[in-house]
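Student: Sharing a structure with you now.
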Amino acid sequence: MEIHIVYCTDDNFAMICATSMVSVMENKGDEDICFHIIDNQISNVKRDKMQDLIERYSNCKIDFYPFPDLTAIFSHELHYDAEHVSISSYGRLFLERILPIDVSRILYLDCDTIVLKGLSDLYSMNLQGKVIGGVDDCKSVRYRKVLGIPDNANYINAGVLLIDYPLWKKYKCEEKIVQYLEKQHGRVHFEDQGTINAVFYNQIQALPLQYNVMTHMFDLSFEELMAFRKPAVAYTKQEIECAKADPTIIHFTSSFLTKGRAWDVNTNHSRKSLYQSYMRKAGCTENLKEKQYSFKARVRIWMVAHLPRKCLLALAMIAHEYINPLKFWLIMRYNR
């Protein structure tokens, strides 16, 4: 089976992307892997290193495509949280414009993912006639209300997306994305992830959790997750425990309970040893650096270390479930 995988990255995340690619190649079965890199100014040195990594493995190839000029697409500036999101991630919204390929499926992966098994089962999964497959992000009804979608609609994490590419083109998905972002004057809760959910909520097929096990799943017990996130679409305790015990893809997202990211020297991420083992296989250990934390991050780290856990989770729940959605509900409706 030939599997087409898309990443979007800039120079800062190029070696994080390379680490993810190596995990794919280390764990693939008989698949032929075609990597498509949407390149937002990756340096020649890092591009050459990524190409060298590919040549170590059989039946793998890589192509680079220039990141689109967003100022030529939009009349409004795209606003995003630069502390947690790179503008590069917007590249996944413009696949038809960027990729000169004719394939039936595209698997998009965030750079901060690690793949632990072959991807044939995921890649061939039945999407039930929907455009996009993804894993629910355990968000509450409030997050759906911010985006103006039904309370019971799928709200997926966009770090792993299985895309029916012919349907993507047939339904003019890029055109709908541009129209939505223009209408919102470039301000959307959770940026391109929010855009995907707002535009395609009725064209999303839920995928099993094992294909995108996020950091908060490891940080929180089932009971804490239900109380903290109050998910509108909830996984069962058994589904979560099985996914954590036997994941296909781990997504090393940020989390308020985890210090730094998995590639930070001083992180306390529960799966840091696994992640950093793939960094070593990719020859990217020079990217293991002491993170410099902002004042806001230092306050959060102090609170995690010193506050009683129930108190900490209660405060975090108020911020996550009330303050944050309300802030963006107001921004998306009145700050235009």
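Identifiers for the structure tokens are assigned positionally: chains receive A, B, ... in sequence, residues are indexed from 1 per chain, and ligands are indexed from 1 in the order shown.
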Report as a ChimeraX atom specification all protein, DNA and RNA residues lying within 12 Å of Val178 in chain A, evaluated on only C-alpha atoms, omitting residues in the same chain fewer than 5 positions from it.
Tutor: /A:70-76,78,90,93-94,172-173,183-186,192,195-196,199
Student: With DSSP run on the backbone, what are the alpha helix (DSSP H) residues within range 241-313 of chain A? I'd like them as a ChimeraX atom specification.
Tutor: /A:241-245,272-281,295-306,309-313
Student: I need the chosen residues saved as a short mmCIF file (atom, residue, chain, number, x, y, z; two decimals), in the first residue's frame, with C-alpha atoms.
Tutor:
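The result, written out as result.cif:
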data_model
loop_
_atom_site.label_atom_id
_atom_site.label_comp_id
_atom_site.auth_asym_id
_atom_site.auth_seq_id
_atom_site.Cartn_x
_atom_site.Cartn_y
_atom_site.Cartn_z
CA GLU A 241 -7.28 3.10 28.87
CA CYS A 242 -6.92 0.84 25.82
CA ALA A 243 -5.72 3.74 23.65
CA LYS A 244 -3.16 4.80 26.24
CA ALA A 245 -1.92 1.24 26.69
CA LYS A 272 9.44 11.77 27.15
CA SER A 273 11.78 8.75 27.06
CA LEU A 274 9.84 7.27 24.15
CA TYR A 275 9.81 10.58 22.28
CA GLN A 276 13.48 11.30 22.83
CA SER A 277 14.43 7.79 21.68
CA TYR A 278 13.04 8.73 18.25
CA MET A 279 14.90 12.01 18.38
CA ARG A 280 18.11 10.04 18.79
CA LYS A 281 17.19 7.76 15.87
CA PHE A 295 6.39 34.59 33.16
CA LYS A 296 2.92 33.16 32.51
CA ALA A 297 4.37 29.67 32.05
CA ARG A 298 6.47 29.98 35.22
CA VAL A 299 3.36 30.92 37.21
CA ARG A 300 1.52 27.89 35.80
CA ILE A 301 4.45 25.57 36.63
CA TRP A 302 4.54 26.92 40.21
CA MET A 303 0.81 26.37 40.60
CA VAL A 304 1.07 22.78 39.33
CA ALA A 305 3.90 22.10 41.77
CA HIS A 306 2.34 23.71 44.85
CA ARG A 309 -4.56 18.81 42.70
CA LYS A 310 -8.31 19.26 43.20
CA CYS A 311 -7.88 23.00 43.62
CA LEU A 312 -5.63 23.18 40.55
CA LEU A 313 -8.08 21.25 38.39
#
Student: Find the residues of range 122-204 of chain A that sit at most 12 Å from range 225-235 of chain A; for each, write down the nearest two atoms and how far apart they are in Å, to one decimal. Count only C-alpha atoms. Sort by chain, then by number going up, and give it as a Markdown table.
Tutor:
| residue | atom | partner | partner_atom | distance |
| --- | --- | --- | --- | --- |
| A:Val135 | CA | A:Tyr235 | CA | 10.4 |
| A:Asp136 | CA | A:Val233 | CA | 7.4 |
| A:Asp137 | CA | A:Pro231 | CA | 8.2 |
| A:Cys138 | CA | A:Pro231 | CA | 4.6 |
| A:Lys139 | CA | A:Pro231 | CA | 4.7 |
| A:Ser140 | CA | A:Pro231 | CA | 4.3 |
| A:Val141 | CA | A:Ala232 | CA | 5.4 |
| A:Arg142 | CA | A:Ala232 | CA | 8.9 |
| A:Tyr143 | CA | A:Ala232 | CA | 9.4 |
| A:Arg144 | CA | A:Ala232 | CA | 8.9 |
| A:Lys145 | CA | A:Ala232 | CA | 11.3 |
| A:Pro150 | CA | A:Ala232 | CA | 10.4 |
| A:Asp151 | CA | A:Ala232 | CA | 7.0 |
| A:Asn152 | CA | A:Ala232 | CA | 6.4 |
| A:Ala153 | CA | A:Val233 | CA | 8.2 |
| A:Asn154 | CA | A:Val233 | CA | 7.4 |
| A:Tyr155 | CA | A:Val233 | CA | 8.3 |
| A:Ile156 | CA | A:Val233 | CA | 10.2 |
Student: Output as number ranges by chain all residues of range 169-294 of chain A that backbone DSSP marks as strand (DSSP E).
Tutor: A: 204-206, 213-214, 249-251
Student: Write out, as a PDB file, in the first residue's frame, the residues just selected, with C-alpha atoms.
Tutor:
ATOM      1  CA  ILE A 204     -16.363  14.602   9.801  1.00  0.00           C
ATOM      2  CA  GLN A 205     -16.102  10.896  10.619  1.00  0.00           C
ATOM      3  CA  ALA A 206     -14.925  10.074  14.146  1.00  0.00           C
ATOM      4  CA  VAL A 213      -3.693   9.969  21.925  1.00  0.00           C
ATOM      5  CA  MET A 214      -3.022  13.458  23.274  1.00  0.00           C
ATOM      6  CA  ILE A 249      -0.149   7.590  17.246  1.00  0.00           C
ATOM      7  CA  ILE A 250       0.821   9.658  20.268  1.00  0.00           C
ATOM      8  CA  HIS A 251       0.317  13.400  19.862  1.00  0.00           C
TER       9      HIS A 251
END
Student: Go through A:Lys61, A:Lys169, A:Lys130, A:His4 and flag the residue nearest Leu107 in chain A, using only C-alpha atoms for the distances.
Tutor: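 Looking at the shortest contact to Leu107 in chain A, the residue is A:His4.
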Student: Can you pull out every residue within 10 Å of Val24 in chain A, counting only C-alpha atoms, but drop anything in the same chain fewer than 4 positions away, and send it as a list in words?
Tutor: Ile5, Ala18, Thr19, Ser20, Lys28, Gly29, Ile33, Thr113, Ile114, Val115, Leu116, Lys117, Gly118, Leu119 and Ile249 of chain A
Student: Using only C-alpha atoms, determine which residues lie at most 10 Å from Leu167 in chain A, disregarding the query and same-chain residues fewer than 2 positions distant; provide the list as JSON, numbers by chain.
Tutor: {"A": [104, 105, 129, 130, 131, 132, 163, 164, 165, 169, 170, 171, 172, 173]}
Student: With N, CA and C atoms retained, could you export that selection as a PDB file, in the first residue's frame?
Tutor:
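part-v7.pdb was written with the following content:
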ATOM      1  N   SER A 104      -6.207   9.147  -3.678  1.00  0.00           N
ATOM      2  CA  SER A 104      -7.529   8.981  -3.073  1.00  0.00           C
ATOM      3  C   SER A 104      -7.551   9.411  -1.614  1.00  0.00           C
ATOM      4  N   ARG A 105      -6.412   9.316  -0.951  1.00  0.00           N
ATOM      5  CA  ARG A 105      -6.350   9.633   0.480  1.00  0.00           C
ATOM      6  C   ARG A 105      -5.114  10.466   0.795  1.00  0.00           C
ATOM      7  N   GLY A 129     -18.329   8.038   3.630  1.00  0.00           N
ATOM      8  CA  GLY A 129     -18.720   9.096   2.698  1.00  0.00           C
ATOM      9  C   GLY A 129     -18.409  10.501   3.179  1.00  0.00           C
ATOM     10  N   LYS A 130     -17.694  10.629   4.297  1.00  0.00           N
ATOM     11  CA  LYS A 130     -17.344  11.954   4.833  1.00  0.00           C
ATOM     12  C   LYS A 130     -15.990  12.407   4.259  1.00  0.00           C
ATOM     13  N   VAL A 131     -15.741  13.701   4.336  1.00  0.00           N
ATOM     14  CA  VAL A 131     -14.507  14.263   3.771  1.00  0.00           C
ATOM     15  C   VAL A 131     -13.316  14.023   4.680  1.00  0.00           C
ATOM     16  N   ILE A 132     -13.526  14.133   5.995  1.00  0.00           N
ATOM     17  CA  ILE A 132     -12.419  14.127   6.952  1.00  0.00           C
ATOM     18  C   ILE A 132     -12.689  13.132   8.067  1.00  0.00           C
ATOM     19  N   ILE A 163      -8.014  12.370   5.096  1.00  0.00           N
ATOM     20  CA  ILE A 163      -8.788  13.193   4.162  1.00  0.00           C
ATOM     21  C   ILE A 163      -9.077  12.424   2.878  1.00  0.00           C
ATOM     22  N   ASP A 164     -10.360  12.377   2.529  1.00  0.00           N
ATOM     23  CA  ASP A 164     -10.764  11.860   1.221  1.00  0.00           C
ATOM     24  C   ASP A 164     -10.490  12.974   0.219  1.00  0.00           C
ATOM     25  N   TYR A 165      -9.369  12.861  -0.476  1.00  0.00           N
ATOM     26  CA  TYR A 165      -8.905  13.983  -1.295  1.00  0.00           C
ATOM     27  C   TYR A 165      -9.814  14.276  -2.484  1.00  0.00           C
ATOM     28  N   LYS A 169     -11.739  17.999  -2.986  1.00  0.00           N
ATOM     29  CA  LYS A 169     -11.766  18.846  -4.184  1.00  0.00           C
ATOM     30  C   LYS A 169     -13.180  19.002  -4.728  1.00  0.00           C
ATOM     31  N   LYS A 170     -13.949  17.935  -4.701  1.00  0.00           N
ATOM     32  CA  LYS A 170     -15.316  17.980  -5.234  1.00  0.00           C
ATOM     33  C   LYS A 170     -16.174  19.006  -4.495  1.00  0.00           C
ATOM     34  N   TYR A 171     -16.041  19.041  -3.170  1.00  0.00           N
ATOM     35  CA  TYR A 171     -16.868  19.939  -2.358  1.00  0.00           C
ATOM     36  C   TYR A 171     -16.263  21.337  -2.196  1.00  0.00           C
ATOM     37  N   LYS A 172     -15.191  21.626  -2.948  1.00  0.00           N
ATOM     38  CA  LYS A 172     -14.554  22.953  -2.939  1.00  0.00           C
ATOM     39  C   LYS A 172     -14.251  23.404  -1.507  1.00  0.00           C
ATOM     40  N   CYS A 173     -13.555  22.524  -0.798  1.00  0.00           N
ATOM     41  CA  CYS A 173     -13.292  22.770   0.624  1.00  0.00           C
ATOM     42  C   CYS A 173     -12.429  24.007   0.859  1.00  0.00           C
TER      43      CYS A 173
END
Student: For a test of reading the model, state the distance in Å between CA of Cys284 in chain A and CA of Ile16 in chain A, rounded to one decimal.
Tutor: 8.0 Å
Student: Skipping near chain neighbours, those fewer than 6 positions away, what residues fall within 12 Å of Asp48 in chain A using only C-alpha atoms, listed as a ChimeraX atom specification?
Tutor: /A:14-15,18,42,54-55,62-64
Student: Can you work out which one of A:Tyr123, A:Asp10, A:Tyr322, A:Ala314 has the shortest atom-to-atom distance to Ser43 in chain A, counting only C-alpha atoms?
Tutor: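 Among A:Tyr123, A:Asp10, A:Tyr322, A:Ala314, it is A:Asp10 that comes nearest to Ser43 in chain A.
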Student: Which value, in Å to one decimal, gives the distance between CA of Ile3 in chain A and CA of Met21 in chain A?
Tutor: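 Computed distance, CA of Ile3 in chain A to CA of Met21 in chain A, equals 12.7 Å.
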Student: Kindly indicate which residue among A:Gln41, A:Val146, A:Gly159, A:Phe35 lies nearest to Ile323 in chain A, using only C-alpha atoms for the distances.
Tutor: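 For Ile323 in chain A, the nearest of the candidates is A:Val146.
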Student: For each of A:Arg92, A:Arg187, A:Arg261, A:Lys176, take the minimum atom-to-atom distance to His36 in chain A, counting only C-alpha atoms, then give the residue where this is smallest.
Tutor: A:Arg92
Student: Just the residues within 10 Å of Gly260 in chain A, please, counting only C-alpha atoms, with nothing from its chain fewer than 2 positions along; format it as a short mmCIF file (atom, residue, chain, number, x, y, z; two decimals) with C-alpha atoms, in the first residue's frame.
Tutor:
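Result saved to selection-v6.cif:
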data_model
loop_
_atom_site.label_atom_id
_atom_site.label_comp_id
_atom_site.auth_asym_id
_atom_site.auth_seq_id
_atom_site.Cartn_x
_atom_site.Cartn_y
_atom_site.Cartn_z
CA THR A 253 0.40 18.33 22.62
CA SER A 254 0.95 20.95 25.28
CA SER A 255 -0.88 20.50 28.58
CA PHE A 256 -1.22 22.71 31.64
CA LEU A 257 -0.06 19.81 33.86
CA THR A 258 3.04 19.02 31.77
CA ALA A 262 8.60 16.27 24.98
CA TRP A 263 11.73 17.65 23.27
CA ASP A 264 12.59 19.99 26.15
CA VAL A 265 15.43 18.80 28.40
CA ASN A 266 13.54 19.73 31.56
CA THR A 267 10.14 18.34 30.57
CA ASN A 268 8.22 16.00 32.87
CA HIS A 269 6.12 14.54 30.05
CA GLU A 290 16.70 23.93 28.17
CA LYS A 291 13.43 25.75 27.57
CA GLN A 292 13.15 29.38 28.59
CA TYR A 293 9.71 29.84 30.11
CA ALA A 297 4.37 29.67 32.05
CA ILE A 301 4.45 25.57 36.63
#
Student: Please report the interatomic distance between CA of Arg333 in chain A and CA of Gln203 in chain A in Å with one decimal.
Tutor: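 These atoms are spaced 24.3 Å apart.
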Student: Could you check the closest approach to Asn212 in chain A for each of A:Ser23, A:Gln179, A:Asn157, A:Thr236 and tell me which residue wins, using only C-alpha atoms?
Tutor: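 So, comparing all the options, the nearest one is A:Asn157.
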Student: Looking at only C-alpha atoms, which of A:Lys46, A:Lys259, A:Tyr180, A:Met217 is the one that sits closest to Asp11 in chain A?
Tutor: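 Closest residue, counting only C-alpha atoms: A:Lys46.
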